Amino acid sequence: MKEKIYTIPVNDAYRSDAACPLCKLRADVERGTLDFYLGASLMEPDTRVATNKLGFCRDHLNKMYGREINRLGIGLMLHTHMKQLRDDFRDPIRKAAPDKRTLLKGRDGDFGKRISELASALEKRSADCIVCDKIRFTMERYSDVLLWMYFEDEEFREAFRAKKGHCVEHVAFLLRGAVNHLNQNKCSEFAGELLSMHREAFDKLIDDVEWFTLKFDYRNKDKPWGDSKDAIPRAMNMLTGEESRGNDT
Ligand SMILES: [Zn+2]
Ligand SMILES: [Zn+2]
């Protein structure tokens, strides 16, 4: 039996009206994680050790700041995170950066290499994000329990089939999960059904988007919209996933 902490949200997402249940799961984890880091926990030493080390990516900093709550907390976290970054890079910068004495000594064969390594280390650190890590970790657990439930829980399999589809990113995510968690027979059974569901949903959306464009023709002005009125946002969500705004509004 899989842990309820993961099975319940997966079940709920597949019974919700979300276009892509995995986008909903990701948005829920993201919201919960942002709440956690903006709440009382940010003053706890263990949490601060972690936020000092990893920091936040641009998207998650923007979402935290955009909530307009606990800006003092954000300031405190950023202050100690930046101090740690400065300390961690003090030596690498000293080793890599040119100073007047090394310039006077003539050519240094490793100079470009050291600067490139420093650039790579800076790029890696600036991309680190404690919220992205948490989302990755939790989504991985969800993929594991989802695939388990698909084969062991008939009611869940029905709910999975009743879903119209997933966004492209999460079709890929599920395919990867299937390869990692299932044997070849189960993997081919799951992937076959997932891809045929996806093909059907994608074909329908192509037709809906086409009808949306044809409605601009005056000859179609009085014809019914059918499912096409919101075809553009639905196509956007299908192609790029549903963005969470990081708050409850
Ligand atoms: Zn999705
Ligand atoms: Zn992030």
# chains A, B, ... in the order shown; residues from 1 in each chain; ligands from 1

call {"tool": "select_by_dssp", "arguments": {"residues": "stretch 42-245 of chain A", "states": "helix (DSSP H, G or I)", "output": "ChimeraX atom specification"}}
result
/A:42-43,45-54,58-66,71-96,100-104,111-127,130-152,154-162,168-181,184-214,218-220,231-240

call {"tool": "closest_atom_pairs", "arguments": {"of": "chain A", "to": "ligand 2", "cutoff": "8 Å", "atoms": "only C-alpha atoms and all ligand atoms", "output": "CSV"}}
result
residue,atom,partner,partner_atom_place_in_ligand_line,distance
A:Phe56,CA,ligand 2,1 (Zn),5.5
A:Cys57,CA,ligand 2,1 (Zn),4.2
A:Arg58,CA,ligand 2,1 (Zn),6.8
A:Asp59,CA,ligand 2,1 (Zn),5.9
A:His60,CA,ligand 2,1 (Zn),4.8
A:Leu61,CA,ligand 2,1 (Zn),7.6
A:Ala127,CA,ligand 2,1 (Zn),8.0
A:Asp128,CA,ligand 2,1 (Zn),7.3
A:Cys129,CA,ligand 2,1 (Zn),4.6
A:Ile130,CA,ligand 2,1 (Zn),6.5
A:Val131,CA,ligand 2,1 (Zn),5.0
A:Cys132,CA,ligand 2,1 (Zn),4.0
A:Asp133,CA,ligand 2,1 (Zn),7.4

call {"tool": "residues_around", "arguments": {"residues": "stretch 238-240 of chain A", "least_positions_apart": "6", "cutoff": "12 Å", "atoms": "only C-alpha atoms", "output": "list in words"}}
result
Ala18, Ala19, Cys20, Pro21, Leu22, Cys23, Lys164, Gly165, His166, Cys167, Val168, Glu169, His170, Val171, Ala172, His198, Arg199, Ala201, Phe202, Asp203, Lys204, Leu205, Ile206, Val209, Ala231 and Ile232 of chain A

call {"tool": "closest_residue", "arguments": {"among": "A:Ile135, A:Ala96, A:Leu174, A:Leu34", "to": "ligand 1", "atoms": "only C-alpha atoms and all ligand atoms"}}
result
A:Leu174

call {"tool": "residues_around", "arguments": {"residues": "A:Asp12", "least_positions_apart": "4", "cutoff": "10 Å", "atoms": "only C-alpha atoms", "output": "number ranges by chain"}}
result
A: 7-8, 16-17, 21, 24-25, 159

call {"tool": "write_last_selection", "arguments": {"atoms": "N, CA and C atoms", "output": "PDB file, in the first residue's frame"}}
result
ATOM      1  N   THR A   7      -1.391   9.388  -2.058  1.00  0.00           N
ATOM      2  CA  THR A   7      -2.517   8.844  -2.839  1.00  0.00           C
ATOM      3  C   THR A   7      -3.732   9.771  -2.806  1.00  0.00           C
ATOM      4  N   ILE A   8      -3.978  10.409  -1.663  1.00  0.00           N
ATOM      5  CA  ILE A   8      -5.186  11.249  -1.562  1.00  0.00           C
ATOM      6  C   ILE A   8      -5.140  12.436  -2.536  1.00  0.00           C
ATOM      7  N   SER A  16     -11.028  16.154  -9.854  1.00  0.00           N
ATOM      8  CA  SER A  16     -11.320  17.597  -9.947  1.00  0.00           C
ATOM      9  C   SER A  16     -11.628  17.937 -11.405  1.00  0.00           C
ATOM     10  N   ASP A  17     -12.001  19.210 -11.645  1.00  0.00           N
ATOM     11  CA  ASP A  17     -12.290  19.579 -13.030  1.00  0.00           C
ATOM     12  C   ASP A  17     -11.058  20.185 -13.722  1.00  0.00           C
ATOM     13  N   PRO A  21      -4.619  17.155 -14.509  1.00  0.00           N
ATOM     14  CA  PRO A  21      -4.554  16.901 -13.059  1.00  0.00           C
ATOM     15  C   PRO A  21      -3.153  17.090 -12.485  1.00  0.00           C
ATOM     16  N   LYS A  24      -2.524  20.656 -11.747  1.00  0.00           N
ATOM     17  CA  LYS A  24      -3.176  21.008 -10.468  1.00  0.00           C
ATOM     18  C   LYS A  24      -2.336  20.528  -9.286  1.00  0.00           C
ATOM     19  N   LEU A  25      -1.829  19.293  -9.373  1.00  0.00           N
ATOM     20  CA  LEU A  25      -1.003  18.775  -8.278  1.00  0.00           C
ATOM     21  C   LEU A  25       0.234  19.646  -8.078  1.00  0.00           C
ATOM     22  N   ALA A 159     -11.197   6.829 -13.107  1.00  0.00           N
ATOM     23  CA  ALA A 159     -11.069   8.297 -13.011  1.00  0.00           C
ATOM     24  C   ALA A 159      -9.993   8.785 -13.981  1.00  0.00           C
TER      25      ALA A 159
END

call {"tool": "atom_distance", "arguments": {"atom1": "atom CA of A:Arg86", "atom2": "atom CA of A:Thr47"}}
result
19.3 Å

call {"tool": "residues_around", "arguments": {"residues": "A:Arg71", "least_positions_apart": "5", "cutoff": "12 Å", "atoms": "only C-alpha atoms", "output": "ChimeraX atom specification"}}
result
/A:37-39,42,61-66,76-79

call {"tool": "residues_around", "arguments": {"residues": "A:Asp227", "least_positions_apart": "2", "cutoff": "7 Å", "atoms": "only C-alpha atoms", "output": "PyMOL selection string"}}
result
chain A and resi 208+225+229

call {"tool": "closest_residue", "arguments": {"among": "A:Leu122, A:Val49, A:Met139, A:Ile69", "to": "ligand 1", "atoms": "only C-alpha atoms and all ligand atoms"}}
result
A:Met139
